[in-house]
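S.K.: Take a look at this one; I'll ask things after.
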Amino acid sequence: MKIREINAMRGPNYWSVRRHNLIVMVLDLEEMEEKPSNKIEGFRERLETMFPTMYEHRCSVGTPGGFFQRVDEGTWMGHIIEHIALEIQTLAGMDTGFGRTRGYGEKGVYNVVFSYIEENVGRYAAKASVKICEALIAGEDYDLEPDIQEMRELREASRLGPSTGSIVEEAASRNIPWIRLNKYSLCQLGYGANQKRIQATVTSETSSIGVELACDKEDTKFLLEQAEVEVPKGDIISRERSLKEACDYVGFPLVIKPIDGNHGRGITVDIQNYDEALVAFHAAKEVSRRVIVEKYITGEDYRLLVINHVLVAAAKRTPAHVVGDGKSTVRELVDKVNKDPRRGYGHENVLTMITINDLTKTILKDQGLTEDSVIPEGERLILKDTANLSTGGTAEDVTDIVHPANVAMAERISKIIDLDICGIDIMTSDISKPLSETGGAVLEVNAGPGFRMHLAPTTGLPRNVAAPVVDKLFPTKGDTGRIPIVAITGTNGKTTTSRLIAHMAKMSGYRVGYTTSDGVYIQNRLLMSGDCTGPASTEFVLKDPTVNFAVLECARGGLLRAGLGFDHCDVAVVTNVAADHLGLKGIHTVEQLAKVKGVLPETVWPDGYAILNADDDLVYGMRRSIECNLALFSLDENNPRIQALQRKGGITAIYENGYITLCRGKWKMRIMKAENVPLTFGGKAYFMIQNVLAAVIAANVRGITIEDMKAALESFVPSPSQTPGRLNLFEFQNFKILLDYAHNPAGMKALKQVTDSMDAVKKVGIIAGVGDRRDEDTNEIGSIAAEMFDEIIIRQDKRLRGRTEEELINLLHEGIKMKDPEKKTTIIPSEKEAITYAVNNAEKDSLIICCSDVVPDALELVKRFKQQEATGEKVFSQ
């Protein structure tokens with residue numbers, strides 16, 4: 001078996017609009033296509049032995065054991081690999097269960113689709129599941145444990161930590177979208193101008209002064225002392241010679257810790273003499289230049305969490321420890337504790353497994369113990385010097401018993417240090433009594449405190465401490481931090497429609513970010529060039545903090561490669577569906593292509609609008625899958641589909657009596673005459689009228705006024721600046737050049753409708769074959785060109801996309817000959833040379849039509865010819 005490719009979906013996609021995180025593996029079964037599971041002796045038994053928990057897989061049978069029933073009946077290896085990929089993720093602590101395996105359109109080749117929790121783990125599971133299946137087929141031994149451990153480690157390396165993850169989950173539960181901004185914990189909540197940012201538990205509203213103070217224990221202690229907050233007596237030193245004096249001043253027992261350390265690094269507690277203090281001093285110096293020497297306060301370790309200056313949770317923390325039984329060694333006791341099902345690797349469970357590392361061995365050595373020592377029954381042995389959960393510690397929720405005086409103190413401290421989210425570490429014998437009565441003290445104030453101990457305490461009530469963080473960032477009820485999103489797809493016309501809608505929104509005062517097949521624009525500035533119609537370009541716009549309106553062109557490639565870059569949109573426009581790129585990525589029919597395009601309208605919010613082309617059967621059929629409002633556009637005001645929606649009071653846009661007309665029910669609002677809209681070439685370009693109709697509805701449902709629409713339509717001129725490569729007409733002294741992006745049969749037919757209405761002594765077409773098209777599509781382009789032009793120049797694309805130059809030229813030739821065997825045809829592979837040849841041989845009053853795939857290059861060349869003409873050059877040169 002051979003893996004052809006692995007893609008990770010990260011948003012609504014062809015396979016599922018609601019399940020965003022999917023791996024899609026294209027798998028060639030090769031000879032195994034002829035060997036379903038029931039034809040491989042012993043396969044089922046070996047599979048069940050390796051994965052007994054697969055009995056829970058119901059599969060299509062719908063009952064436990066259903067999958068094994070399918071294996072007994074005979075199923076193909078792609079289906080089995082799908083289930084293995086799901087099961088090994090679950091065994092690694094990532095319980096996930098959606099999968100499907102479907103034919104790719106070639107014999108023996110399948111799309112194996114399954115869900116994932118972490119993308120890099122999903123990709124690993126895809127590869128590992130194939131290797132596991134091959135071993136099962138061959139009857140070879142296979143050790144699963146290395147794969148399971150590798151997946152755990154991959155998960156821990158890439159997943160969001162518990163604190164960040166809890167805030168993201170809380171935001172998502174409120175329909176607030178989020179984007180991870182780096183490989184660590186920096187995340188964006190909301191879109192565009194309405195976004196907020198978090199990094200672990202530091203937010204975009206956290207005071208930088210507060211963070212700096214919290215990281216400087218000297219300043220923190222000074223400010224708290226000044227405010228009469230109980231803190232331990234202490235001193236700060238930087239040289240060893242000052243240590244003796246500091247110890248004498250503070251008095252034993254004491255604590256030594258780095259002044260700007262974190263996560264317990266370099267801290268030594270319960271120091272009883274100078275020799276211990278000297279070792280602790282050097283440990284702290286490895287972390288910080290300056291060191292705190294302070295009184296060791298006895299009691300229990302408590303963490304008080306204050307968010308937006310309100311105490312929201314409190315926990316008693318206990319370092320990792322074991323309790324002796326009089327017969328087990330330290331290592332045996334640790335192993336016993338680690339069998340607790342609540343403990344797991346890293347952050348996968350409520351508790352973390354305890355490890356015996358160098359620090360533990362040092363603690364044991366200081367007590368005259370080793371890993372093999374037997375601990376007396378009932379005796380508690382501390383294994384770590386801090387109570388962090390990440391090192392195996394435990395936490396008990398005590399929020400409800402914190403004394404009101406301690407609550408008031410904690411909330412006051414958060415304002416003294418000026419932190420919107422802070423963790424206050426307290427040592428006291430009883431948190432239910434004021435510190436002044438117990439002799440307790442505030443040890444530290446932490447910026448970016450961990451939430452795990454509060455979210456999932458070992459004992460006591462879990463606290464949703466992420467909720468007050470999101471409340472603070474988005475204080476208005478129902479605020480989701482989103483911006484309006486208008487998404488456009490279709491075979492042809494989507495770029496022009498996207499640009500026109502963006503232009504209308506700009507005219508209405510929005511700060512617009514939009515994506516097109518030419519690039520990404522923020523307002524009118526091109527910031528990324530090239531085909532930018534995928535999810536990465538979408539994210540570029542949605543991450544921009546200046547944008548408050550997004551217009552996103554979404555092409556098939558990005559949808560099949562990774563899904564959409566957003567979960568929902570407010571408006572989705574589908575211009576049309578025609579044969580294009582068929583035979584790629586398992587999409588072989590125009591009906592399948594329609595399903596790909598149909599993902600967009602399915603993502604519209606219930607109160608939003610799906611704007612569909614009523615003149616296109618496949619597009620109109622998408623209405624059956626939408627859960628939002630329907631709006632339709634048509635070139636025919638008598639279209640029965642239009643009339644039916646009008647009778648229901650729906651929104652439509654029609655071309656009637658020469659007007660671009662918007663209708664609510666049967667009430668007509670004529671926007672303007674089509675012939676007065678520059679984009680329509682005086683009303684001759686019907687496909688452009690369709691684009692305008694779709695844009696008018698999109699603008700209307702987003703609240704853009706008729707006046708702003710008119711102003712936008714009048715000022716949106718087909719030109720290299722506003723519609724590069726879309727009906728760009730250049731008038732020279734003796735001839736004209738029309739530059740257009742037509743690159744498929746449907747686009748060529750639409751272009752023909754325009755050029756047929758243009759007067760010219762001779763029409764010369766410059767065409768090319770595209771490598772990732774079916775033979776019949778390239779033939780058809782040639783046939784249409786033979787009808788359109790008096791003379792044809794065949795050039796070649798820069799990217800052959802898997803074909804040879806000769807193949808594509810022959811296919812175009814075949815298509816031309818089908819229509820007109822005598823048609824004059826010249827072959828000039830270079831686009832620059834082809835355009836130059838056509839220009840230098842142009843007859844007076846002729847029209848050169850250049851169908852270009854690399855629009856910027858062709859535009860630049862034609863502009864240069866215009867400049868050369870202005871200087872009086874008779875022969876044009878590249």
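Letters A, B, ... go to the chains of the structure tokens in the order shown; residues in each chain start at 1; ligands are counted from 1 in the same order.
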For the helix (DSSP H, G or I) assignment from backbone DSSP, which residues of segment 588-804 of chain A qualify? Please present them as an MDAnalysis selection string.

M.R.: chainID A and resid 590:597 599:602 617:625 640:647 674:676 678:680 686:701 706:715 745:755 775:788

S.K.: I need the residues in segment 311-485 of chain A that are strand (DSSP E) according to DSSP; give them as a ChimeraX atom specification.

M.R.: /A:311-318,321-323,343-344,351-352,380-382,394-397,421-428,441-447,485

S.K.: What's the 12 Å shell around Leu859 of chain A, counting only C-alpha atoms, without same-chain residues fewer than 2 positions away, as an MDAnalysis selection string?

M.R.: chainID A and resid 719:721 723:730 737:741 831:832 835 850:857 861:866

S.K.: Could those selected residues go to a file with C-alpha atoms, as a compact mmCIF listing (two decimals), in the first residue's frame?

M.R.:
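Contents of result10.txt, freshly written:
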# COMPACT_ATOMS: atom_id res chain seq x y z
CA SER A 719 -9.09 48.38 -15.32
CA PRO A 720 -5.72 46.97 -14.30
CA SER A 721 -6.04 48.67 -10.92
CA THR A 723 -10.13 44.39 -11.98
CA PRO A 724 -6.69 43.20 -13.12
CA GLY A 725 -7.05 40.71 -15.96
CA ARG A 726 -10.83 40.97 -16.12
CA LEU A 727 -11.94 42.61 -19.39
CA ASN A 728 -9.05 45.10 -19.36
CA LEU A 729 -9.27 47.00 -22.68
CA PHE A 730 -6.27 48.93 -23.98
CA ILE A 737 -5.97 44.69 -26.82
CA LEU A 738 -8.44 42.98 -24.50
CA LEU A 739 -6.85 41.13 -21.60
CA ASP A 740 -8.94 38.57 -19.71
CA TYR A 741 -8.42 35.72 -17.26
CA GLU A 831 3.47 34.57 -23.55
CA LYS A 832 5.64 37.69 -23.92
CA ILE A 835 1.78 39.12 -27.30
CA CYS A 850 -5.21 37.70 -24.73
CA CYS A 851 -6.38 34.99 -22.35
CA SER A 852 -3.72 35.16 -19.64
CA ASP A 853 -3.12 33.05 -16.57
CA VAL A 854 -0.29 35.20 -15.14
CA VAL A 855 -2.15 38.50 -15.14
CA PRO A 856 0.56 40.80 -13.66
CA ASP A 857 3.13 39.79 -16.32
CA LEU A 861 3.95 44.06 -20.94
CA VAL A 862 0.88 45.76 -22.44
CA LYS A 863 1.45 48.87 -20.30
CA ARG A 864 5.03 49.00 -21.59
CA PHE A 865 3.72 48.85 -25.17
CA LYS A 866 1.45 51.80 -24.40

S.K.: Counting only C-alpha atoms, what is within 12 Å of Val573 of chain A, bar same-chain residues fewer than 4 positions away, as an mmCIF file with C-alpha atoms, in the first residue's frame?

M.R.:
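Once everything was written out, this is result-v9.cif:
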data_model
loop_
_atom_site.group_PDB
_atom_site.id
_atom_site.type_symbol
_atom_site.label_atom_id
_atom_site.label_comp_id
_atom_site.auth_asym_id
_atom_site.auth_seq_id
_atom_site.Cartn_x
_atom_site.Cartn_y
_atom_site.Cartn_z
ATOM 1 C CA ILE A 485 -17.632 38.128 6.596
ATOM 2 C CA VAL A 486 -18.843 37.891 3.014
ATOM 3 C CA ALA A 487 -17.517 34.759 1.271
ATOM 4 C CA ILE A 488 -17.633 34.191 -2.491
ATOM 5 C CA THR A 489 -17.097 31.045 -4.526
ATOM 6 C CA GLY A 490 -17.952 29.707 -7.973
ATOM 7 C CA THR A 491 -16.179 28.610 -11.125
ATOM 8 C CA GLY A 493 -16.685 35.578 -11.708
ATOM 9 C CA LYS A 494 -15.764 35.158 -8.058
ATOM 10 C CA THR A 495 -12.755 37.504 -8.138
ATOM 11 C CA THR A 497 -17.625 39.832 -7.461
ATOM 12 C CA SER A 498 -15.288 39.859 -4.448
ATOM 13 C CA ILE A 501 -18.418 43.859 -2.881
ATOM 14 C CA VAL A 551 -14.612 39.830 1.774
ATOM 15 C CA LEU A 552 -13.142 36.411 1.082
ATOM 16 C CA GLU A 553 -12.818 34.657 -2.255
ATOM 17 C CA CYS A 554 -12.778 30.916 -1.600
ATOM 18 C CA CYS A 569 -19.849 33.664 7.534
ATOM 19 C CA VAL A 577 -20.564 25.940 -11.228
ATOM 20 C CA LYS A 597 -18.566 24.907 -3.651
ATOM 21 C CA GLY A 598 -21.702 24.172 -1.618
ATOM 22 C CA VAL A 599 -19.678 24.117 1.606
ATOM 23 C CA LEU A 600 -19.807 27.931 1.681
ATOM 24 C CA PRO A 601 -23.572 28.463 1.867
ATOM 25 C CA GLU A 602 -23.771 25.750 4.520
ATOM 26 C CA THR A 603 -21.546 27.832 6.817
ATOM 27 C CA VAL A 604 -23.791 30.918 6.835
ATOM 28 C CA GLY A 608 -27.380 35.448 7.331
ATOM 29 C CA TYR A 609 -27.911 34.965 3.591
ATOM 30 C CA ALA A 610 -26.897 32.430 0.968
ATOM 31 C CA ILE A 611 -26.952 34.269 -2.373
ATOM 32 C CA LEU A 612 -27.361 31.749 -5.189
ATOM 33 C CA ASN A 613 -27.510 31.924 -8.985
ATOM 34 C CA ALA A 614 -31.068 30.963 -9.937
ATOM 35 C CA VAL A 619 -26.067 26.319 -7.647
ATOM 36 C CA TYR A 620 -29.823 26.574 -7.123
ATOM 37 C CA MET A 622 -27.550 24.163 -2.893
ATOM 38 C CA ARG A 623 -30.585 25.767 -1.245
ATOM 39 C CA LEU A 630 -32.056 32.387 0.776
ATOM 40 C CA ALA A 631 -31.550 35.137 -1.799
ATOM 41 C CA LEU A 632 -31.440 34.606 -5.569
ATOM 42 C CA PHE A 633 -30.200 36.485 -8.634
ATOM 43 C CA GLN A 690 -24.586 38.511 -13.096
ATOM 44 C CA ASN A 691 -21.635 39.467 -10.899
ATOM 45 C CA VAL A 692 -23.214 42.874 -10.245
ATOM 46 C CA LEU A 693 -26.557 41.305 -9.283
ATOM 47 C CA ALA A 694 -24.890 39.058 -6.721
ATOM 48 C CA ALA A 695 -22.873 41.964 -5.307
ATOM 49 C CA VAL A 696 -25.951 44.183 -5.012
ATOM 50 C CA ILE A 697 -27.754 41.609 -2.858
ATOM 51 C CA ALA A 698 -24.664 41.103 -0.663
ATOM 52 C CA ALA A 699 -24.384 44.840 -0.120
ATOM 53 C CA VAL A 701 -28.282 42.455 3.238
#

S.K.: Using only C-alpha atoms for the distances, tell me which of A:Gly344, A:Gly251, A:Gly393, A:Pro462 is nearest to Pro319 of chain A.

M.R.: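 Nearest to Pro319 of chain A: A:Gly393.
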
S.K.: Would you kindly return, as a PDB file with N, CA and C atoms, in the first residue's frame, each protein, DNA or RNA residue with an atom no farther than 8 Å from any atom of Leu560 of chain A, considering only C-alpha atoms and excluding same-chain residues fewer than 2 positions away?

M.R.:
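Output saved as result_38.pdb:
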ATOM      1  N   ASN A  13     -15.364  21.790   5.483  1.00  0.00           N
ATOM      2  CA  ASN A  13     -14.694  21.174   4.342  1.00  0.00           C
ATOM      3  C   ASN A  13     -15.632  20.259   3.568  1.00  0.00           C
ATOM      4  N   TYR A  14     -15.131  19.701   2.505  1.00  0.00           N
ATOM      5  CA  TYR A  14     -15.899  18.825   1.614  1.00  0.00           C
ATOM      6  C   TYR A  14     -16.450  17.611   2.348  1.00  0.00           C
ATOM      7  N   ARG A 556     -11.801  26.227  -4.892  1.00  0.00           N
ATOM      8  CA  ARG A 556     -11.879  24.794  -4.622  1.00  0.00           C
ATOM      9  C   ARG A 556     -10.574  24.246  -4.026  1.00  0.00           C
ATOM     10  N   GLY A 557      -9.432  24.770  -4.511  1.00  0.00           N
ATOM     11  CA  GLY A 557      -8.143  24.237  -4.076  1.00  0.00           C
ATOM     12  C   GLY A 557      -7.963  24.295  -2.576  1.00  0.00           C
ATOM     13  N   GLY A 558      -8.198  25.469  -1.995  1.00  0.00           N
ATOM     14  CA  GLY A 558      -8.046  25.626  -0.553  1.00  0.00           C
ATOM     15  C   GLY A 558      -9.048  24.799   0.223  1.00  0.00           C
ATOM     16  N   ALA A 562      -7.383  22.183   2.793  1.00  0.00           N
ATOM     17  CA  ALA A 562      -7.389  22.423   4.238  1.00  0.00           C
ATOM     18  C   ALA A 562      -8.745  22.868   4.777  1.00  0.00           C
ATOM     19  N   GLY A 563      -9.746  23.032   3.915  1.00  0.00           N
ATOM     20  CA  GLY A 563     -11.032  23.531   4.387  1.00  0.00           C
ATOM     21  C   GLY A 563     -11.043  25.051   4.421  1.00  0.00           C
ATOM     22  N   LYS A 585      -7.707  15.957  -7.121  1.00  0.00           N
ATOM     23  CA  LYS A 585      -8.078  15.802  -5.717  1.00  0.00           C
ATOM     24  C   LYS A 585      -9.335  14.948  -5.542  1.00  0.00           C
ATOM     25  N   VAL A 596     -18.357  20.662  -3.423  1.00  0.00           N
ATOM     26  CA  VAL A 596     -17.242  21.422  -2.846  1.00  0.00           C
ATOM     27  C   VAL A 596     -17.650  22.881  -2.666  1.00  0.00           C
TER      28      VAL A 596
END

S.K.: At what distance in Å, to one decimal, does atom CA of Ser846 of chain A lie from atom CA of Phe732 of chain A?

M.R.: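 Distance reported for this atom pair: 10.2 Å.
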
S.K.: State, in Å with one decimal place, the distance from atom CA of Ala315 of chain A to atom CA of Pro468 of chain A.

M.R.: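 Computing the Euclidean distance for atom CA of Ala315 of chain A and atom CA of Pro468 of chain A yields 17.2 Å.
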
S.K.: Could you check which of A:Ala572, A:Val512, A:Val231, A:Ala579 is closest to Ala550 of chain A, using only C-alpha atoms?

M.R.: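 Nearest candidate to Ala550 of chain A out of A:Ala572, A:Val512, A:Val231, A:Ala579: A:Val512.
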
S.K.: Which residues, written as a PyMOL selection string, have at least one atom at most 10 Å from segment 187-201 of chain A, with only C-alpha atoms counted and residues fewer than 6 positions away on the same chain left out?

M.R.: chain A and resi 160-168+171-172+175-181+420-422+447-451+466+469-470+473-474+479-485+511-513+539-550+566

S.K.: Closest to Leu136 of chain A among A:Ser625, A:Ser37, A:Thr75, A:Asn639, using only C-alpha atoms?

M.R.: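 Of the candidates, the smallest distance to Leu136 of chain A is held by A:Ser37.
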
S.K.: To one decimal place, how far is atom CA of Lys666 of chain A from atom CA of Trp605 of chain A in Å?

M.R.: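 Atom CA of Trp605 of chain A lies at a distance of 25.3 Å from atom CA of Lys666 of chain A.
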
S.K.: Name all residues at most 12 Å from Glu707 of chain A (count only C-alpha atoms; drop same-chain ones fewer than 5 positions away) and give them as an MDAnalysis selection string.

M.R.: chainID A and resid 504 507:508 669:672 696 699:700 712:714

S.K.: Would you mind exporting the chosen residues as a CSV table (one decimal), in the first residue's frame, restricted to all heavy atoms?

M.R.:
chain,number,residue,atom,x,y,z
A,504,MET,N,-17.8,48.3,-2.6
A,504,MET,CA,-19.1,48.8,-2.1
A,504,MET,C,-18.9,49.0,-0.5
A,504,MET,O,-19.4,50.0,0.0
A,504,MET,CB,-20.2,47.8,-2.3
A,504,MET,CG,-20.7,47.8,-3.8
A,504,MET,SD,-22.0,46.6,-4.0
A,504,MET,CE,-22.5,47.0,-5.7
A,507,MET,N,-16.9,52.1,0.1
A,507,MET,CA,-17.7,53.3,-0.1
A,507,MET,C,-18.6,53.6,1.0
A,507,MET,O,-19.1,54.7,1.2
A,507,MET,CB,-18.5,53.1,-1.4
A,507,MET,CG,-17.6,53.0,-2.7
A,507,MET,SD,-16.7,54.5,-3.1
A,507,MET,CE,-18.0,55.6,-3.7
A,508,SER,N,-19.0,52.5,1.8
A,508,SER,CA,-19.9,52.7,2.9
A,508,SER,C,-19.2,53.0,4.2
A,508,SER,O,-19.8,53.2,5.2
A,508,SER,CB,-20.7,51.4,3.1
A,508,SER,OG,-21.8,51.6,4.0
A,669,MET,N,-36.7,47.8,-6.7
A,669,MET,CA,-35.9,49.0,-6.5
A,669,MET,C,-34.8,49.0,-7.6
A,669,MET,O,-33.8,48.3,-7.5
A,669,MET,CB,-35.2,49.0,-5.1
A,669,MET,CG,-36.2,49.1,-4.0
A,669,MET,SD,-35.4,48.8,-2.3
A,669,MET,CE,-35.2,47.0,-2.4
A,670,ARG,N,-35.0,49.8,-8.6
A,670,ARG,CA,-34.0,49.9,-9.7
A,670,ARG,C,-32.8,50.6,-9.2
A,670,ARG,O,-32.9,51.8,-8.8
A,670,ARG,CB,-34.6,50.6,-10.9
A,670,ARG,CG,-35.7,49.6,-11.6
A,670,ARG,CD,-36.3,50.3,-12.8
A,670,ARG,NE,-37.0,49.4,-13.6
A,670,ARG,CZ,-37.8,49.7,-14.7
A,670,ARG,NH1,-37.9,51.0,-15.0
A,670,ARG,NH2,-38.4,48.8,-15.3
A,671,ILE,N,-31.7,50.0,-9.3
A,671,ILE,CA,-30.4,50.6,-8.8
A,671,ILE,C,-29.9,51.5,-9.9
A,671,ILE,O,-29.7,52.7,-9.7
A,671,ILE,CB,-29.3,49.5,-8.5
A,671,ILE,CG1,-29.9,48.4,-7.6
A,671,ILE,CG2,-28.1,50.1,-7.9
A,671,ILE,CD1,-30.3,48.9,-6.2
A,672,MET,N,-29.7,51.0,-11.1
A,672,MET,CA,-29.2,51.8,-12.2
A,672,MET,C,-29.2,51.0,-13.5
A,672,MET,O,-29.3,49.8,-13.4
A,672,MET,CB,-27.9,52.5,-12.0
A,672,MET,CG,-26.7,51.5,-11.8
A,672,MET,SD,-25.2,52.3,-11.2
A,672,MET,CE,-24.9,53.4,-12.6
A,696,VAL,N,-24.9,43.3,-5.5
A,696,VAL,CA,-26.0,44.2,-5.0
A,696,VAL,C,-26.7,43.6,-3.9
A,696,VAL,O,-27.0,44.2,-2.8
A,696,VAL,CB,-26.9,44.6,-6.2
A,696,VAL,CG1,-28.2,45.1,-5.7
A,696,VAL,CG2,-26.2,45.6,-7.1
A,699,ALA,N,-24.5,43.5,-0.7
A,699,ALA,CA,-24.4,44.8,-0.1
A,699,ALA,C,-25.7,45.2,0.6
A,699,ALA,O,-25.6,45.7,1.7
A,699,ALA,CB,-24.1,45.9,-1.2
A,700,ASN,N,-26.8,44.9,0.0
A,700,ASN,CA,-28.1,45.2,0.6
A,700,ASN,C,-28.3,44.5,1.9
A,700,ASN,O,-28.7,45.1,2.9
A,700,ASN,CB,-29.2,44.9,-0.4
A,700,ASN,CG,-30.6,45.2,0.2
A,700,ASN,OD1,-31.3,44.3,0.5
A,700,ASN,ND2,-30.9,46.5,0.2
A,712,ALA,N,-20.6,53.2,-5.9
A,712,ALA,CA,-19.6,52.1,-6.1
A,712,ALA,C,-19.6,51.6,-7.5
A,712,ALA,O,-18.6,51.4,-8.1
A,712,ALA,CB,-19.8,51.0,-5.0
A,713,LEU,N,-20.8,51.3,-8.0
A,713,LEU,CA,-21.0,50.8,-9.4
A,713,LEU,C,-20.4,51.7,-10.4
A,713,LEU,O,-19.8,51.3,-11.4
A,713,LEU,CB,-22.4,50.4,-9.6
A,713,LEU,CG,-23.0,49.2,-8.9
A,713,LEU,CD1,-24.5,49.1,-9.1
A,713,LEU,CD2,-22.3,47.9,-9.3
A,714,GLU,N,-20.7,53.0,-10.2
A,714,GLU,CA,-20.2,54.0,-11.1
A,714,GLU,C,-18.7,54.2,-11.1
A,714,GLU,O,-18.1,54.5,-12.2
A,714,GLU,CB,-20.9,55.4,-10.8
A,714,GLU,CG,-22.4,55.4,-11.2
A,714,GLU,CD,-23.1,56.7,-10.7
A,714,GLU,OE1,-22.5,57.4,-9.9
A,714,GLU,OE2,-24.2,56.9,-11.1

S.K.: Determine, using only C-alpha atoms, which residues of segment 97-207 of chain A have any atom at most 12 Å from an atom of segment 288-308 of chain A, and tabulate each with its shortest atom pair and distance in Å to one decimal place, rows ordered by chain and then rising number, as a tab-separated table.

M.R.:
residue	atom	partner	partner_atom	distance
A:Thr201	CA	A:Ile307	CA	10.0
A:Val202	CA	A:Ile307	CA	10.9
A:Thr203	CA	A:Ile307	CA	11.2
A:Glu205	CA	A:Asn308	CA	10.4
A:Thr206	CA	A:Asn308	CA	9.8
A:Ser207	CA	A:Asn308	CA	11.7

S.K.: Keeping only all heavy atoms, take the residues you just selected and write them out as a PDB file, in the first residue's frame.

M.R.:
ATOM      1  N   THR A 201      -2.210  33.084  30.564  1.00  0.00           N
ATOM      2  CA  THR A 201      -3.220  33.867  31.293  1.00  0.00           C
ATOM      3  C   THR A 201      -2.831  35.342  31.382  1.00  0.00           C
ATOM      4  O   THR A 201      -3.267  36.052  32.290  1.00  0.00           O
ATOM      5  CB  THR A 201      -3.460  33.286  32.699  1.00  0.00           C
ATOM      6  OG1 THR A 201      -2.242  33.318  33.434  1.00  0.00           O
ATOM      7  CG2 THR A 201      -3.961  31.857  32.610  1.00  0.00           C
ATOM      8  N   VAL A 202      -2.023  35.776  30.439  1.00  0.00           N
ATOM      9  CA  VAL A 202      -1.763  37.215  30.272  1.00  0.00           C
ATOM     10  C   VAL A 202      -2.593  37.659  29.069  1.00  0.00           C
ATOM     11  O   VAL A 202      -2.602  36.985  28.037  1.00  0.00           O
ATOM     12  CB  VAL A 202      -0.269  37.479  30.032  1.00  0.00           C
ATOM     13  CG1 VAL A 202      -0.019  38.959  29.740  1.00  0.00           C
ATOM     14  CG2 VAL A 202       0.545  37.048  31.257  1.00  0.00           C
ATOM     15  N   THR A 203      -3.298  38.777  29.198  1.00  0.00           N
ATOM     16  CA  THR A 203      -4.173  39.230  28.122  1.00  0.00           C
ATOM     17  C   THR A 203      -3.659  40.530  27.520  1.00  0.00           C
ATOM     18  O   THR A 203      -2.747  41.167  28.062  1.00  0.00           O
ATOM     19  CB  THR A 203      -5.616  39.461  28.626  1.00  0.00           C
ATOM     20  OG1 THR A 203      -5.681  40.721  29.325  1.00  0.00           O
ATOM     21  CG2 THR A 203      -6.062  38.354  29.545  1.00  0.00           C
ATOM     22  N   GLU A 205      -5.016  43.129  27.733  1.00  0.00           N
ATOM     23  CA  GLU A 205      -5.371  44.216  28.648  1.00  0.00           C
ATOM     24  C   GLU A 205      -4.581  44.155  29.946  1.00  0.00           C
ATOM     25  O   GLU A 205      -4.796  44.969  30.844  1.00  0.00           O
ATOM     26  CB  GLU A 205      -6.877  44.154  28.937  1.00  0.00           C
ATOM     27  CG  GLU A 205      -7.725  44.383  27.686  1.00  0.00           C
ATOM     28  CD  GLU A 205      -9.208  44.374  27.974  1.00  0.00           C
ATOM     29  OE1 GLU A 205      -9.589  44.130  29.148  1.00  0.00           O
ATOM     30  OE2 GLU A 205      -9.987  44.599  27.035  1.00  0.00           O
ATOM     31  N   THR A 206      -3.682  43.191  30.060  1.00  0.00           N
ATOM     32  CA  THR A 206      -2.861  43.078  31.266  1.00  0.00           C
ATOM     33  C   THR A 206      -1.825  44.193  31.291  1.00  0.00           C
ATOM     34  O   THR A 206      -1.158  44.465  30.293  1.00  0.00           O
ATOM     35  CB  THR A 206      -2.160  41.711  31.315  1.00  0.00           C
ATOM     36  OG1 THR A 206      -3.141  40.681  31.357  1.00  0.00           O
ATOM     37  CG2 THR A 206      -1.260  41.588  32.536  1.00  0.00           C
ATOM     38  N   SER A 207      -1.677  44.829  32.447  1.00  0.00           N
ATOM     39  CA  SER A 207      -0.712  45.927  32.595  1.00  0.00           C
ATOM     40  C   SER A 207       0.714  45.405  32.491  1.00  0.00           C
ATOM     41  O   SER A 207       1.101  44.470  33.199  1.00  0.00           O
ATOM     42  CB  SER A 207      -0.919  46.600  33.950  1.00  0.00           C
ATOM     43  OG  SER A 207       0.203  47.354  34.321  1.00  0.00           O
TER      44      SER A 207
END
